[in-house]
$ cat my_file29.txt   # compact mmCIF, C-alpha atoms
# COMPACT_ATOMS: atom_id res chain seq x y z
CA MET M 1 -0.09 31.74 7.46
CA ARG M 2 0.63 28.51 5.58
CA SER M 3 -1.92 26.60 7.68
CA ILE M 4 -4.60 29.20 6.90
CA LEU M 5 -3.88 28.94 3.18
CA LYS M 6 -4.02 25.15 3.34
CA TYR M 7 -7.35 25.33 5.18
CA LEU M 8 -8.80 27.59 2.48
CA VAL M 9 -7.50 25.38 -0.34
CA VAL M 10 -8.94 22.25 1.28
CA ARG M 11 -12.32 23.89 1.83
CA VAL M 12 -12.57 25.21 -1.73
CA LEU M 13 -11.40 21.99 -3.42
CA SER M 14 -13.63 19.87 -1.18
CA LEU M 15 -16.66 21.97 -2.05
CA GLU M 16 -15.88 21.74 -5.75
CA ALA M 17 -15.38 17.97 -5.46
CA ARG M 18 -18.73 17.52 -3.70
CA LEU M 19 -20.50 19.50 -6.41
CA VAL M 20 -18.81 17.45 -9.14
CA LEU M 21 -19.98 14.22 -7.47
CA LYS M 22 -23.54 15.53 -7.29
CA ARG M 23 -23.47 16.53 -10.95
CA HIS M 24 -21.97 13.35 -12.44
CA LEU M 25 -23.09 10.69 -9.89
CA PRO M 26 -20.18 8.26 -10.43
CA LEU M 27 -19.86 4.96 -8.62
CA VAL M 28 -17.50 5.61 -5.68
CA VAL M 29 -15.28 2.83 -4.30
CA ALA M 30 -13.33 3.98 -1.23
CA ILE M 31 -10.45 2.00 0.27
CA THR M 32 -8.86 2.32 3.70
CA GLY M 33 -6.82 0.29 6.16
CA SER M 34 -3.34 0.35 7.66
CA VAL M 35 -1.53 -1.66 4.98
CA GLY M 36 -2.00 -2.30 1.26
CA LYS M 37 -4.34 0.56 0.34
CA THR M 38 -2.53 1.60 -2.84
CA SER M 39 -2.11 -1.98 -4.05
CA VAL M 40 -5.82 -2.67 -3.50
CA LYS M 41 -6.79 0.58 -5.20
CA ASP M 42 -4.75 -0.22 -8.29
CA ALA M 43 -6.05 -3.80 -8.48
CA VAL M 44 -9.68 -2.68 -8.11
CA CYS M 45 -9.19 -0.16 -10.90
CA THR M 46 -7.77 -2.90 -13.13
CA ALA M 47 -10.69 -5.24 -12.41
CA LEU M 48 -13.41 -2.65 -12.99
CA ALA M 49 -11.78 -1.09 -16.05
CA VAL M 50 -12.78 -4.10 -18.17
CA ARG M 51 -16.34 -2.71 -18.12
CA LEU M 52 -16.22 0.84 -16.80
CA HIS M 53 -14.46 4.13 -17.41
CA VAL M 54 -12.50 4.36 -14.15
CA ARG M 55 -10.42 7.07 -12.50
CA LYS M 56 -8.25 6.18 -9.51
CA SER M 57 -6.24 8.13 -6.98
CA GLN M 58 -2.83 8.89 -8.44
CA LYS M 59 0.09 7.45 -6.46
CA SER M 60 -1.10 7.73 -2.84
CA PHE M 61 -3.47 10.70 -3.11
CA ASN M 62 -5.42 9.72 0.00
CA SER M 63 -5.63 12.83 2.17
CA GLU M 64 -8.07 15.69 2.64
CA LEU M 65 -6.31 17.28 -0.35
CA GLY M 66 -5.57 14.15 -2.37
CA VAL M 67 -9.16 12.89 -2.48
CA PRO M 68 -10.65 16.14 -3.88
CA LEU M 69 -7.77 16.40 -6.37
CA THR M 70 -8.61 12.93 -7.71
CA ILE M 71 -12.31 13.70 -8.00
CA LEU M 72 -11.52 16.91 -9.87
CA GLY M 73 -8.81 15.32 -12.03
CA LEU M 74 -6.11 17.71 -10.83
CA GLN M 75 -2.42 17.36 -9.95
CA ASN M 76 -0.59 18.02 -6.69
CA ALA M 77 0.82 21.57 -6.71
CA TRP M 78 3.20 20.74 -3.85
CA THR M 79 4.48 24.02 -2.35
CA HIS M 80 3.59 26.26 -5.30
CA ALA M 81 0.96 28.81 -4.25
CA LEU M 82 0.12 29.74 -7.84
CA GLY M 83 -0.34 26.07 -8.63
CA TRP M 84 -2.98 25.75 -5.91
CA LEU M 85 -4.74 28.87 -7.21
CA GLU M 86 -4.81 27.30 -10.67
CA ASN M 87 -6.19 24.11 -9.14
CA MET M 88 -9.05 25.99 -7.51
CA LEU M 89 -9.84 27.71 -10.81
CA GLU M 90 -9.65 24.40 -12.67
CA GLY M 91 -11.97 22.91 -10.06
CA MET M 92 -14.59 25.51 -10.92
CA HIS M 93 -14.10 24.73 -14.59
CA ALA M 94 -14.68 21.04 -13.86
CA LEU M 95 -18.19 21.91 -12.70
CA VAL M 96 -19.22 23.18 -16.13
CA ARG M 97 -17.10 21.08 -18.51
CA ARG M 98 -19.13 18.95 -20.90
CA GLU M 99 -16.49 16.28 -21.45
CA GLU M 100 -17.24 12.75 -20.32
CA TYR M 101 -16.71 12.13 -16.61
CA PRO M 102 -15.56 8.69 -15.33
CA ALA M 103 -18.34 6.25 -14.48
CA CYS M 104 -16.36 5.07 -11.44
CA LEU M 105 -13.92 6.61 -8.96
CA VAL M 106 -11.58 4.33 -7.00
CA LEU M 107 -10.31 6.38 -4.08
CA GLU M 108 -7.66 5.63 -1.49
CA VAL M 109 -8.47 7.18 1.89
CA GLY M 110 -5.71 7.49 4.48
CA VAL M 111 -5.35 8.61 8.08
CA ASP M 112 -2.56 10.71 9.57
CA ARG M 113 -4.39 12.48 12.40
CA PRO M 114 -7.69 12.11 14.30
CA GLY M 115 -10.59 13.45 12.25
CA ASP M 116 -9.01 12.84 8.83
CA ILE M 117 -11.66 10.42 7.57
CA ARG M 118 -14.47 12.10 9.46
CA ALA M 119 -13.71 15.16 7.34
CA LEU M 120 -14.29 13.06 4.19
CA ARG M 121 -17.63 11.48 5.11
CA TRP M 122 -19.22 13.61 2.38
CA LEU M 123 -17.85 11.03 -0.08
CA GLU M 124 -20.80 8.69 0.62
CA PRO M 125 -19.15 5.75 -1.20
CA HIS M 126 -21.15 2.94 -2.79
CA VAL M 127 -18.48 0.41 -1.81
CA VAL M 128 -16.02 0.58 1.09
CA VAL M 129 -13.04 -1.81 1.22
CA PHE M 130 -11.11 -2.43 4.43
CA THR M 131 -7.62 -3.84 3.82
CA ARG M 132 -6.12 -4.80 7.18
CA PHE M 133 -6.02 -3.41 10.73
CA PRO M 134 -2.75 -4.73 12.28
CA GLU M 135 -1.91 -4.70 15.97
CA VAL M 136 0.34 -1.63 15.68
CA PRO M 137 -0.74 0.54 12.73
CA VAL M 138 1.36 3.26 11.19
CA HIS M 139 0.60 6.83 12.44
CA VAL M 140 -0.40 5.46 15.88
CA GLU M 141 1.91 8.10 17.38
CA TYR M 142 -0.80 10.71 16.78
CA PHE M 143 -3.62 8.70 18.37
CA ALA M 144 -4.45 7.62 21.91
CA SER M 145 -4.14 3.93 21.00
CA PRO M 146 -4.09 1.50 18.05
CA GLU M 147 -7.83 1.03 18.59
CA ALA M 148 -8.31 4.77 18.09
CA VAL M 149 -6.65 4.51 14.66
CA ILE M 150 -8.99 1.68 13.69
CA GLU M 151 -12.02 3.62 14.89
CA GLU M 152 -10.98 6.59 12.75
CA LYS M 153 -10.75 4.32 9.71
CA ARG M 154 -14.19 2.91 10.54
CA GLU M 155 -15.56 6.38 9.88
CA LEU M 156 -15.46 5.41 6.21
CA ARG M 157 -17.87 2.57 6.92
CA ARG M 158 -20.18 5.07 8.58
CA ALA M 159 -20.06 7.17 5.40
CA LEU M 160 -21.25 4.21 3.30
CA ARG M 161 -24.47 4.83 1.36
CA SER M 162 -27.70 3.36 2.68
CA HIS M 163 -27.64 0.53 0.11
CA GLY M 164 -23.88 0.24 -0.14
CA THR M 165 -21.53 -2.69 0.39
CA LEU M 166 -18.73 -3.10 2.92
CA LEU M 167 -15.91 -5.50 1.98
CA VAL M 168 -13.74 -6.77 4.82
CA ASN M 169 -10.63 -8.92 5.09
CA ALA M 170 -11.88 -12.32 6.29
CA ASP M 171 -8.45 -13.15 7.73
CA ASP M 172 -8.23 -10.08 9.97
CA PRO M 173 -9.60 -10.76 13.49
CA ASN M 174 -10.09 -7.02 13.98
CA MET M 175 -12.84 -7.11 11.34
CA ARG M 176 -14.91 -10.00 12.63
CA ASP M 177 -17.34 -7.73 14.45
CA GLU M 178 -17.98 -5.20 11.69
CA VAL M 179 -21.67 -4.35 11.36
CA VAL M 180 -23.79 -2.64 8.73
CA THR M 181 -27.38 -1.48 8.58
CA ALA M 182 -30.29 -3.63 7.43
CA THR M 183 -30.16 -2.15 3.93
CA GLN M 184 -26.38 -2.49 3.49
CA ARG M 185 -24.35 -5.60 2.64
CA ILE M 186 -21.17 -6.91 4.21
CA LEU M 187 -19.04 -9.32 2.16
CA SER M 188 -15.51 -10.61 2.64
CA TYR M 189 -12.35 -11.70 0.86
CA GLY M 190 -9.37 -13.74 2.03
CA TYR M 191 -8.26 -17.30 2.70
CA ALA M 192 -10.63 -18.03 5.60
CA GLU M 193 -13.42 -20.52 5.10
CA GLY M 194 -16.66 -18.74 4.33
CA ALA M 195 -15.08 -15.71 2.61
CA THR M 196 -17.22 -14.43 -0.28
CA VAL M 197 -14.16 -14.43 -2.51
CA ARG M 198 -11.86 -17.09 -1.13
CA GLY M 199 -8.21 -17.58 -1.99
CA SER M 200 -6.37 -20.91 -2.05
CA ASP M 201 -3.30 -22.59 -3.55
CA TYR M 202 -0.97 -19.65 -2.93
CA ARG M 203 2.54 -20.22 -4.25
CA VAL M 204 5.64 -18.43 -5.49
CA VAL M 205 6.11 -18.70 -9.26
CA TYR M 206 9.64 -19.40 -10.55
CA GLU M 207 11.10 -19.26 -14.05
CA GLN M 208 14.55 -20.82 -14.46
CA ASP M 209 14.86 -20.94 -10.65
CA VAL M 210 14.25 -17.18 -10.36
CA PRO M 211 11.07 -15.94 -8.61
CA ILE M 212 8.93 -13.85 -10.96
CA GLY M 213 5.73 -13.46 -8.94
CA VAL M 214 3.02 -15.25 -6.98
CA SER M 215 -0.19 -17.03 -7.88
CA VAL M 216 -3.54 -17.59 -6.17
CA THR M 217 -6.72 -19.43 -7.04
CA ALA M 218 -9.88 -17.44 -6.25
CA THR M 219 -13.36 -18.87 -5.80
CA CYS M 220 -16.67 -17.02 -5.61
CA GLY M 221 -19.77 -19.20 -5.62
CA THR M 222 -19.49 -21.38 -8.72
CA SER M 223 -16.85 -19.13 -10.31
CA ARG M 224 -13.18 -20.07 -10.06
CA ALA M 225 -10.06 -18.51 -11.56
CA SER M 226 -6.30 -18.48 -11.09
CA VAL M 227 -4.36 -15.22 -11.11
CA VAL M 228 -0.59 -14.77 -11.38
CA VAL M 229 0.73 -11.52 -9.92
CA ARG M 230 3.94 -10.86 -11.82
CA GLY M 231 6.75 -8.63 -10.62
CA ALA M 232 6.08 -8.77 -6.87
CA LEU M 233 6.37 -11.31 -4.06
CA GLY M 234 4.56 -12.10 -0.83
CA LYS M 235 1.23 -13.66 0.10
CA HIS M 236 0.01 -10.21 1.09
CA HIS M 237 0.14 -9.31 -2.62
CA THR M 238 -2.69 -11.73 -3.31
CA TYR M 239 -5.09 -9.85 -1.04
CA PRO M 240 -5.44 -6.93 -3.51
CA VAL M 241 -6.39 -9.53 -6.15
CA LEU M 242 -9.05 -11.08 -3.91
CA ALA M 243 -10.37 -7.65 -2.89
CA ALA M 244 -10.54 -6.53 -6.52
CA LEU M 245 -12.43 -9.67 -7.52
CA ALA M 246 -14.86 -9.02 -4.66
CA VAL M 247 -15.51 -5.47 -5.88
CA ALA M 248 -15.97 -6.80 -9.43
CA TYR M 249 -18.48 -9.33 -8.09
CA VAL M 250 -20.42 -6.58 -6.29
CA GLN M 251 -20.57 -4.52 -9.47
CA GLY M 252 -21.60 -7.40 -11.74
CA VAL M 253 -18.32 -7.56 -13.64
CA SER M 254 -17.54 -11.04 -14.94
CA PHE M 255 -15.33 -12.93 -12.48
CA GLU M 256 -13.37 -14.50 -15.32
CA GLU M 257 -12.87 -11.18 -17.15
CA ALA M 258 -11.66 -9.49 -13.98
CA ALA M 259 -9.28 -12.37 -13.24
CA ARG M 260 -7.77 -12.16 -16.73
CA ALA M 261 -7.24 -8.43 -16.34
CA LEU M 262 -5.59 -8.91 -12.94
CA SER M 263 -3.18 -11.47 -14.40
CA ALA M 264 -1.85 -8.65 -16.59
CA HIS M 265 -1.77 -6.20 -13.67
CA THR M 266 1.54 -4.89 -12.28
CA PRO M 267 1.68 -3.84 -8.59
CA PRO M 268 2.78 -0.26 -7.88
CA PRO M 269 6.45 0.64 -7.27
CA GLY M 270 7.96 0.07 -3.86
CA ARG M 271 5.63 -2.80 -2.90
CA MET M 272 7.80 -5.94 -2.88
CA ARG M 273 8.68 -5.37 -6.53
CA ILE M 274 11.22 -7.79 -8.01
CA LEU M 275 14.17 -5.93 -9.56
CA ALA M 276 17.46 -7.12 -11.03
CA GLY M 277 20.44 -6.19 -8.85
CA ILE M 278 24.17 -5.86 -9.35
CA ASN M 279 26.37 -8.98 -9.30
CA ASP M 280 23.41 -11.15 -10.37
CA SER M 281 21.52 -10.45 -7.16
CA LEU M 282 17.77 -9.99 -6.76
CA ILE M 283 16.15 -6.97 -5.07
CA LEU M 284 12.79 -7.02 -3.33
CA ASP M 285 11.92 -3.32 -3.35
CA ASP M 286 9.42 -2.67 -0.54
CA THR M 287 10.47 0.92 0.11
CA TYR M 288 7.18 2.80 -0.16
CA ASN M 289 6.61 2.84 3.61
CA ALA M 290 6.87 0.60 6.68
CA SER M 291 4.75 -0.62 9.57
CA PRO M 292 5.56 -3.51 11.92
CA ALA M 293 3.09 -5.85 10.19
CA ALA M 294 4.41 -4.99 6.72
CA VAL M 295 8.05 -5.45 7.75
CA GLU M 296 7.31 -8.86 9.26
CA ALA M 297 5.42 -9.86 6.07
CA ALA M 298 8.41 -8.83 3.94
CA LEU M 299 10.79 -10.84 6.12
CA LYS M 300 8.56 -13.91 5.97
CA THR M 301 8.52 -13.63 2.18
CA LEU M 302 12.32 -13.42 2.19
CA ALA M 303 12.57 -16.53 4.36
CA ASP M 304 10.22 -18.55 2.16
CA LEU M 305 12.16 -17.95 -1.07
CA THR M 306 14.32 -20.59 -2.70
CA THR M 307 17.71 -19.02 -3.40
CA THR M 308 21.30 -20.08 -4.04
CA GLY M 309 22.69 -17.07 -2.17
CA ARG M 310 22.17 -15.24 1.09
CA ARG M 311 19.06 -13.52 2.38
CA ILE M 312 19.90 -9.88 3.11
CA ALA M 313 17.54 -7.54 4.99
CA VAL M 314 18.19 -3.79 4.71
CA LEU M 315 15.68 -2.19 7.05
CA GLY M 316 15.20 1.47 7.92
CA ASP M 317 13.48 2.98 10.95
CA MET M 318 9.71 2.59 11.31
CA LEU M 319 8.41 6.04 12.18
CA GLU M 320 5.27 7.46 13.79
CA LEU M 321 4.85 4.56 16.22
CA GLY M 322 5.11 6.64 19.39
CA ALA M 323 5.15 4.57 22.59
CA TYR M 324 5.06 1.35 20.53
CA SER M 325 8.32 2.09 18.71
CA VAL M 326 10.83 0.30 20.94
CA ASP M 327 8.80 -2.91 21.22
CA ALA M 328 8.02 -2.91 17.48
CA HIS M 329 11.69 -2.55 16.53
CA ARG M 330 12.64 -5.27 19.03
CA ARG M 331 10.17 -7.65 17.39
CA VAL M 332 11.62 -6.83 13.97
CA GLY M 333 15.09 -7.72 15.22
CA GLU M 334 13.84 -11.06 16.53
CA CYS M 335 12.17 -11.73 13.18
CA VAL M 336 15.34 -10.81 11.26
CA ALA M 337 17.31 -13.36 13.27
CA LEU M 338 14.94 -16.10 12.10
CA THR M 339 14.72 -15.06 8.44
CA ALA M 340 17.93 -13.39 7.21
CA ASP M 341 21.65 -14.15 6.88
CA VAL M 342 22.72 -10.50 6.71
CA PHE M 343 21.06 -7.56 8.48
CA ILE M 344 21.88 -3.95 7.65
CA ALA M 345 20.00 -1.68 10.06
CA VAL M 346 19.45 1.93 9.00
CA GLY M 347 18.65 4.66 11.53
CA VAL M 348 18.82 5.11 15.28
CA ARG M 349 15.58 3.24 16.04
CA MET M 350 16.87 0.13 14.31
CA GLN M 351 19.62 -0.07 16.96
CA THR M 352 16.94 -1.75 19.09
CA ALA M 353 16.45 -4.31 16.32
CA ILE M 354 20.21 -4.95 16.22
CA ASP M 355 20.26 -5.60 19.96
CA ALA M 356 17.30 -7.99 19.69
CA ALA M 357 18.80 -9.82 16.71
CA ARG M 358 22.12 -10.32 18.50
CA ALA M 359 20.34 -11.44 21.68
CA SER M 360 18.46 -14.11 19.75
CA GLY M 361 21.44 -16.45 19.88
CA VAL M 362 21.79 -16.87 16.09
CA SER M 363 25.58 -16.87 15.85
CA ASP M 364 26.02 -16.70 12.07
CA LEU M 365 23.85 -13.61 11.46
CA HIS M 366 26.00 -10.81 9.98
CA VAL M 367 24.87 -7.44 11.37
CA GLU M 368 25.89 -3.91 10.36
CA PHE M 369 24.60 -0.41 11.12
CA ALA M 370 24.22 2.56 8.74
CA ARG M 371 23.22 6.06 9.71
CA ASP M 372 21.12 6.68 6.61
CA ALA M 373 20.04 5.17 3.29
CA SER M 374 22.97 6.60 1.32
CA GLU M 375 25.48 4.99 3.68
CA ALA M 376 23.51 1.73 3.60
CA GLY M 377 23.56 1.76 -0.21
CA VAL M 378 27.36 2.00 -0.26
CA ARG M 379 27.71 -0.79 2.30
CA VAL M 380 25.34 -3.24 0.67
CA ARG M 381 26.99 -2.74 -2.74
CA GLU M 382 30.22 -3.98 -1.15
CA LEU M 383 28.49 -7.01 0.36
CA VAL M 384 26.13 -8.31 -2.30
CA ARG M 385 27.13 -11.20 -4.55
CA ALA M 386 25.61 -13.63 -7.05
CA GLY M 387 22.44 -15.38 -5.91
CA ASP M 388 21.77 -13.03 -2.98
CA VAL M 389 18.24 -11.77 -2.39
CA VAL M 390 18.03 -8.32 -0.80
CA VAL M 391 14.81 -7.00 0.73
CA VAL M 392 14.81 -3.23 1.32
CA LYS M 393 12.17 -1.53 3.48
CA GLY M 394 11.69 1.46 5.77
CA SER M 395 9.41 4.38 6.49
CA GLN M 396 8.91 6.96 3.79
CA SER M 397 11.12 9.60 5.41
CA MET M 398 14.03 7.15 5.58
CA ARG M 399 14.26 7.35 1.76
CA MET M 400 15.18 3.67 1.43
CA GLU M 401 14.65 3.83 -2.34
CA ARG M 402 18.18 5.26 -2.40
CA VAL M 403 19.46 1.85 -1.30
CA VAL M 404 17.59 0.19 -4.16
CA GLU M 405 18.92 2.76 -6.62
CA ALA M 406 22.47 1.93 -5.51
CA LEU M 407 21.83 -1.79 -6.13
CA LEU M 408 20.07 -1.66 -9.51
CA LYS M 409 21.73 -3.66 -12.23
CA ASP M 410 20.51 -1.12 -14.77
CA SER M 411 20.97 2.35 -13.32
CA THR M 412 18.44 3.74 -15.82
CA ASP M 413 15.60 1.72 -14.22
CA THR M 414 14.88 4.40 -11.61
CA ALA M 415 11.40 4.92 -13.09
CA LEU M 416 10.53 1.65 -11.34
CA LEU M 417 11.22 3.22 -7.93
CA VAL M 418 9.11 5.32 -5.60
CA ARG M 419 9.61 9.03 -4.95
CA GLN M 420 11.35 9.91 -8.20
CA GLU M 421 9.54 13.24 -8.67
CA ALA M 422 11.70 16.38 -8.67
CA GLU M 423 10.13 17.53 -5.40
CA TRP M 424 11.32 14.33 -3.70
CA LYS M 425 14.70 14.14 -5.41
CA THR M 426 15.69 17.56 -4.10
CA LYS M 427 14.87 16.70 -0.49
CA PRO M 428 17.80 15.73 1.78
$ encode --input "my_file29.txt" --output "structure tokens"
Amino acid sequence: MRSILKYLVVRVLSLEARLVLKRHLPLVVAITGSVGKTSVKDAVCTALAVRLHVRKSQKSFNSELGVPLTILGLQNAWTHALGWLENMLEGMHALVRREEYPACLVLEVGVDRPGDIRALRWLEPHVVVFTRFPEVPVHVEYFASPEAVIEEKRELRRALRSHGTLLVNADDPNMRDEVVTATQRILSYGYAEGATVRGSDYRVVYEQDVPIGVSVTATCGTSRASVVVRGALGKHHTYPVLAALAVAYVQGVSFEEAARALSAHTPPPGRMRILAGINDSLILDDTYNASPAAVEAALKTLADLTTTGRRIAVLGDMLELGAYSVDAHRRVGECVALTADVFIAVGVRMQTAIDAARASGVSDLHVEFARDASEAGVRVRELVRAGDVVVVKGSQSMRMERVVEALLKDSTDTALLVRQEAEWKTKP
């Protein structure tokens, strides 16, 4: 019964969203990939908002329900049937309202199952941005292979308008063979030579020996600008900046204006955010979700930091990897052994990472196991001391934000964390 109701809600909201698009004709920028979608979406919105009235997907509204909700300007009703009925009625109202509609929609488009993006091809975006297609993408459990996940995401490229623009990550080898039609454009962003918007001079920014963000210099033709991303760490956090500058370039927004706006931009919660921890420690909160590529990027960032204390990795299970799970967790354990001083593994799958870390031959790596995030939070509180840097990451269902909450110097800073809505807080 619930599946039938969901089907009806999706069909009605999708129809209303399509009609709203036809009535208002906004510029549509659609973003997909296996990592970094939300960060790119937020950065693109920041860059375009200097010239346009922009609406973006809220949080990670990227599904067959989330995309129509964003177009219609509605909220998630979660499990409330009356709320979904109100949404459908509000959707009809959106068709006749005379209030100003955004000139631009920046939409995140995700994939959980085969056919997810194919069902959204009616979007017909003006600009499609691909973030990254790693070797083992998240949600691969529900597909025949990693290549099948990538092909599903490529459906968004096939939805691109006849005179639209595809933006690809120049550093991703999986995107080197992307093709468009004769009337479409394909541009790129990244650090590779020849990228349309090219990054260089990446570095971590410190203030009083404490990391406060990262910086990158971006070049596009004769335009050049430096952007400091405050509040988050990792080279992968400069890719949203480069992608946003590329979208701004496509839309004729001043490169310099967009760069200034991005220097004031704050990445979303749970994406390598820098937070103050207890006992004068530093937390790198990367708890939104986890894939093998994202975990390895977080560990590399941890290893590259200058710190007076220990490097502590608190890592929860990576879910939805199917047949690739054991090998992926083994590789994480090997990476931990090379990058961390203390490893707290959370969840049964991370036992494989423990075995790999211990087998690496690094004798001074301190390893512990916790059954869940709550237990890990208690354990790490006992361990952490001044100067330590703690990176926390795991799949969404592992609820690793609970570890971060246990470590916060200011317990009232929970608004900086992911999944703080009442619907999430009441889940076990």
$ closest_residue --input "my_file29.txt" --among "M:Glu108, M:Glu334, M:Glu16, M:Glu124" --to "M:Leu72" --atoms "all atoms listed in the file"
M:Glu16
$ atom_distance --input "my_file29.txt" --atom1 "atom CA of M:Ala144" --atom2 "atom CA of M:Arg113"
10.7 Å
$ axis_aligned_box --input "my_file29.txt" --around "stretch 152-170 of chain M" --padding-each-side "4 Å" --output "lines of an AutoDock Vina configuration file"
center_x = -19.2
center_y = -2.6
center_z = 6.3
size_x = 25.1
size_y = 27.5
size_z = 20.9
$ closest_residue --input "my_file29.txt" --among "M:Asn289, M:Asn62, M:Ser188, M:Ser34" --to "M:Val392" --atoms "only C-alpha atoms"
M:Asn289
$ residues_around --input "my_file29.txt" --residues "M:Asp341" --least-positions-apart "5" --cutoff "9 Å" --atoms "only C-alpha atoms" --output "PDB file with C-alpha atoms, in the frame of the given file"
ATOM      1  CA  ARG M 310      22.170 -15.240   1.090  1.00  0.00           C
ATOM      2  CA  ARG M 311      19.060 -13.520   2.380  1.00  0.00           C
ATOM      3  CA  ILE M 312      19.900  -9.880   3.110  1.00  0.00           C
ATOM      4  CA  ALA M 313      17.540  -7.540   4.990  1.00  0.00           C
ATOM      5  CA  VAL M 336      15.340 -10.810  11.260  1.00  0.00           C
ATOM      6  CA  ASP M 364      26.020 -16.700  12.070  1.00  0.00           C
ATOM      7  CA  LEU M 365      23.850 -13.610  11.460  1.00  0.00           C
ATOM      8  CA  HIS M 366      26.000 -10.810   9.980  1.00  0.00           C
ATOM      9  CA  VAL M 367      24.870  -7.440  11.370  1.00  0.00           C
TER      10      VAL M 367
END
$ atom_distance --input "my_file29.txt" --atom1 "atom CA of M:Pro134" --atom2 "atom CA of M:Gly36"
11.3 Å
$ atom_distance --input "my_file29.txt" --atom1 "atom CA of M:Leu233" --atom2 "atom CA of M:Leu52"
28.6 Å
$ residues_around --input "my_file29.txt" --residues "M:Met350" --least-positions-apart "6" --cutoff "10 Å" --atoms "all atoms listed in the file" --output "PyMOL selection string"
chain M and resi 315-318+325-326+328-330+332-333+344+356+369-371
$ write_last_selection --input "my_file29.txt" --atoms "C-alpha atoms" --output "mmCIF file, in the coordinates of the input"
data_model
loop_
_atom_site.group_PDB
_atom_site.id
_atom_site.type_symbol
_atom_site.label_atom_id
_atom_site.label_comp_id
_atom_site.auth_asym_id
_atom_site.auth_seq_id
_atom_site.Cartn_x
_atom_site.Cartn_y
_atom_site.Cartn_z
ATOM 1 C CA LEU M 315 15.680 -2.190 7.050
ATOM 2 C CA GLY M 316 15.200 1.470 7.920
ATOM 3 C CA ASP M 317 13.480 2.980 10.950
ATOM 4 C CA MET M 318 9.710 2.590 11.310
ATOM 5 C CA SER M 325 8.320 2.090 18.710
ATOM 6 C CA VAL M 326 10.830 0.300 20.940
ATOM 7 C CA ALA M 328 8.020 -2.910 17.480
ATOM 8 C CA HIS M 329 11.690 -2.550 16.530
ATOM 9 C CA ARG M 330 12.640 -5.270 19.030
ATOM 10 C CA VAL M 332 11.620 -6.830 13.970
ATOM 11 C CA GLY M 333 15.090 -7.720 15.220
ATOM 12 C CA ILE M 344 21.880 -3.950 7.650
ATOM 13 C CA ALA M 356 17.300 -7.990 19.690
ATOM 14 C CA PHE M 369 24.600 -0.410 11.120
ATOM 15 C CA ALA M 370 24.220 2.560 8.740
ATOM 16 C CA ARG M 371 23.220 6.060 9.710
#
$ closest_residue --input "my_file29.txt" --among "M:Ala345, M:Ala192, M:Ala248, M:Leu319" --to "M:Pro137" --atoms "all atoms listed in the file"
M:Leu319
$ closest_atom_pairs --input "my_file29.txt" --of "stretch 169-241 of chain M" --to "stretch 43-49 of chain M" --cutoff "12 Å" --atoms "only C-alpha atoms" --output "tab-separated table"
residue	atom	partner	partner_atom	distance
M:Val227	CA	M:Ala43	CA	11.8
M:Val229	CA	M:Ala43	CA	10.4
M:His237	CA	M:Ala43	CA	10.1
M:Thr238	CA	M:Ala43	CA	10.0
M:Tyr239	CA	M:Ala43	CA	9.6
M:Pro240	CA	M:Ala43	CA	5.9
M:Val241	CA	M:Ala43	CA	6.2
$ build_atoms --input "my_file29.txt" --residues "stretch 266-275 of chain M" --atoms "N, CA and C atoms" --output "short mmCIF file (atom, residue, chain, number, x, y, z; two decimals), in the coordinates of the input"
data_model
loop_
_atom_site.label_atom_id
_atom_site.label_comp_id
_atom_site.auth_asym_id
_atom_site.auth_seq_id
_atom_site.Cartn_x
_atom_site.Cartn_y
_atom_site.Cartn_z
N THR M 266 0.24 -5.03 -12.93
CA THR M 266 1.54 -4.89 -12.28
C THR M 266 1.37 -4.08 -11.00
N PRO M 267 1.79 -4.59 -9.84
CA PRO M 267 1.68 -3.84 -8.59
C PRO M 267 2.46 -2.53 -8.67
N PRO M 268 2.10 -1.57 -7.84
CA PRO M 268 2.78 -0.26 -7.88
C PRO M 268 4.21 -0.35 -7.38
N PRO M 269 5.05 0.65 -7.71
CA PRO M 269 6.45 0.64 -7.27
C PRO M 269 6.57 0.63 -5.75
N GLY M 270 7.67 0.04 -5.28
CA GLY M 270 7.96 0.07 -3.86
C GLY M 270 7.15 -0.88 -3.01
N ARG M 271 6.43 -1.82 -3.65
CA ARG M 271 5.63 -2.80 -2.90
C ARG M 271 6.11 -4.20 -3.26
N MET M 272 7.19 -4.62 -2.66
CA MET M 272 7.80 -5.94 -2.88
C MET M 272 8.01 -6.22 -4.36
N ARG M 273 8.40 -5.20 -5.11
CA ARG M 273 8.68 -5.37 -6.53
C ARG M 273 10.00 -6.10 -6.72
N ILE M 274 10.02 -7.01 -7.70
CA ILE M 274 11.22 -7.79 -8.01
C ILE M 274 12.05 -7.03 -9.03
N LEU M 275 13.29 -6.68 -8.67
CA LEU M 275 14.17 -5.93 -9.56
C LEU M 275 15.52 -6.65 -9.67
#
